[in-house]
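Student: Quick one: the structure is below, and I'll ask about it shortly.
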Amino acid sequence: VSISKLQFNAVPGKVTGAASLDLASQELDGDLRIVVPKLAFLSPVLTRTIDGSLEMEGIITGPLSSPVISMKANAKDLVFEQLNLKTLTANIHTTGLPPRVQGRSELRLKYAGQALSGRSNFSLEGKRLGLSALSIKSGENELTGKLTLDLKSLLAEGELQAKARKLSDLSFLLGEGLVGGAGIKTTFEIVNNKQKIGLSLDGRDLKSRFGQAKKLDLKARLVDPFKKPSGDFALKGSGLRFGEVTLATLALAGEGTSEKIRFQGNTSGKFKDRFEVETRGVLHNTSKAQTLELRSFVAQYRDLPLKLLVPATIHRSKTGYRIDPLSLKIGGGQLDGSWSLENQRLSLKSDVKKLPLADLPFTRMSRFTGNATGSLY
């Protein structure tokens, strides 16, 4: 059985091809070519901005039970909403039919003056999809690894590693201007039928519109992220700057679940003047409110020491904010009270004892001296 010439012409483009099937040997041989000079005709159908040209070629050979399929696609000046690709080339080669398929794929594209290429072997064995020899490159940056996904449970096993020596080459992908370099390693494990994900990040000389960091290290672990997430993290940094705030050192660690996270941290830096802070506490989170429980807070601003005398609670909900109680030692004095701004109503209760006015940042410029004692309701 054969189709010697297949041709279909329409306003958007044309389709040509041929195919033959040997009934005795069940061998198949065919090819197909699709040419679409202008993809803009899809815009009103998909209600999205689409443009560019597309050419696709496909070849199928071998027995019906396990055919070999090769496909190639070339696109030029491809536009999809805000995405503009100068060129895109994709190649896919497969052998077999589900539930057992093996193959390899390649991708190359140019966007905003940058080039990106990728390749991977893949296999489908029943409900398991595997990616191996994975490599994605852009400039001096590369992602490599292997991954296996259980299509039934959506649990994954494997490892991905990224070496980003020049993050500025990835700005076109992330939509942010980035400078610096980073190494990232992500591991995927299945433990007791639960997904476990490990993340390690090592960043150097990082800069973005949000700030900068000379050094930034992050280690994190996440367990069962899709059902009942829990995990821990440890963040360390140095040489950080956010606007007028500089942090010479930063250390923050935490562990818990999405409802309750215990944390502790310390930092030193400068904002108008030098400061040091050390704290620990618990963050409670529900769908209706968040509560920050500070169990310890010790700080030094210039020569002024500060210390939390009893645990303080900061509550945030749809109605507003509430701090209750607050008992803070400031130098040789003390501040006690509670504050709330809820339902557009301010409630304030404060007692101060022997506050050293000369040491307070907001009174120093006014040259106040002496101690302040009083109450405000």
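Quick note on naming: the chains in the structure tokens go A, B, ... in the order shown, residues restart at 1 in each chain, and ligands are numbered from 1 in order of appearance.
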Excluding region 199-209 of chain A and residues on its chain fewer than 3 positions from it, collect all residues at most 10 Å away from it, counting only C-alpha atoms, and give them as a VMD selection string.

Tutor: chain A and resid 160 to 165 167 to 168 176 to 188 212 to 222 233 to 243

Student: Which neighbours of region 74-83 of chain A fall inside 7 Å, counting only C-alpha atoms, when residues of the same chain fewer than 4 positions from it are skipped, and could you give them as a list in words?

Tutor: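 Surrounding residues, per the criterion: Arg48, Thr49, Ile50, Asp51, Gly52, Ser53, Leu54, Glu55, Met56, Thr87, Leu88, Thr89 and Ala90 of chain A.
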
Student: Find the residues near region 322-326 of chain A: any atom within 7 Å, counting only C-alpha atoms, skip ones fewer than 6 places away on the same chain, and give them as an MDAnalysis selection string.

Tutor: chainID A and resid 312:316 336:341

Student: I'd like the interatomic distance between CA of Val45 (chain A) and CA of Ala73 (chain A), to a tenth of an Å.

Tutor: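 Interatomic distance, CA of Val45 (chain A) to CA of Ala73 (chain A): 21.8 Å.
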
Student: Based on DSSP run over this structure's backbone, return all residues of region 65-240 of chain A in helix (DSSP H, G or I), as a PyMOL selection string.

Tutor: chain A and resi 167-174

Student: Looking at A:Gly130, A:Ala156, A:Lys38, A:Ser171, which one is nearest to Glu189 (chain A), with distances taken over only C-alpha atoms?

Tutor: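 For Glu189 (chain A), the nearest of the candidates is A:Ala156.
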
Student: From the options A:Lys354, A:Lys86, A:Lys137, A:Lys329, which residue's atoms come nearest to Lys166 (chain A), counting only C-alpha atoms?

Tutor: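 Among A:Lys354, A:Lys86, A:Lys137, A:Lys329, it is A:Lys137 that comes nearest to Lys166 (chain A).
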
Student: Give me the residues within 7 Å of region 260-274 of chain A as a list in words, counting only C-alpha atoms and dropping any in the same chain fewer than 2 places off.

Tutor: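 The residues that qualify are Glu244, Val245, Thr246, Leu247, Ala248, Thr249, Leu250, Ala251, Leu252, Ala253, Gly254, Glu255, Gly256, Thr257, Ser258, Glu276, Val277, Glu278, Thr279, Arg280, Gly281, Val282, Leu283, His284, Asn285, Tyr301 and Arg302 of chain A.
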
Student: Determine which residues of region 117-171 of chain A DSSP labels as strand (DSSP E) from the backbone of this structure, then write them out as a PyMOL selection string.

Tutor: chain A and resi 117-125+128-138+141-150+156-164

Student: If we count only C-alpha atoms, what is near Leu28 (chain A) at a cut-off of 7 Å, once residues fewer than 3 positions away on the same chain are taken out, given as a count of residues only?

Tutor: 7

Student: Provide the CA of Leu304 (chain A) to CA of Ala372 (chain A) distance in Å, to one decimal place.

Tutor: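 Between CA of Leu304 (chain A) and CA of Ala372 (chain A) the gap works out to 15.4 Å.
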
Student: Let me make sure I understand: among A:Ala112, A:Ile190, A:Ile330, A:Leu131, which one has the smallest atom-to-atom distance to Pro305 (chain A) if we use only C-alpha atoms?

Tutor: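 Checking each candidate against Pro305 (chain A), we get A:Ile330 as the closest.
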
Student: Do you have the CA of Leu173 (chain A)-CA of Ser138 (chain A) distance handy?

Tutor: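 Here the two named atoms are 10.0 Å from each other.
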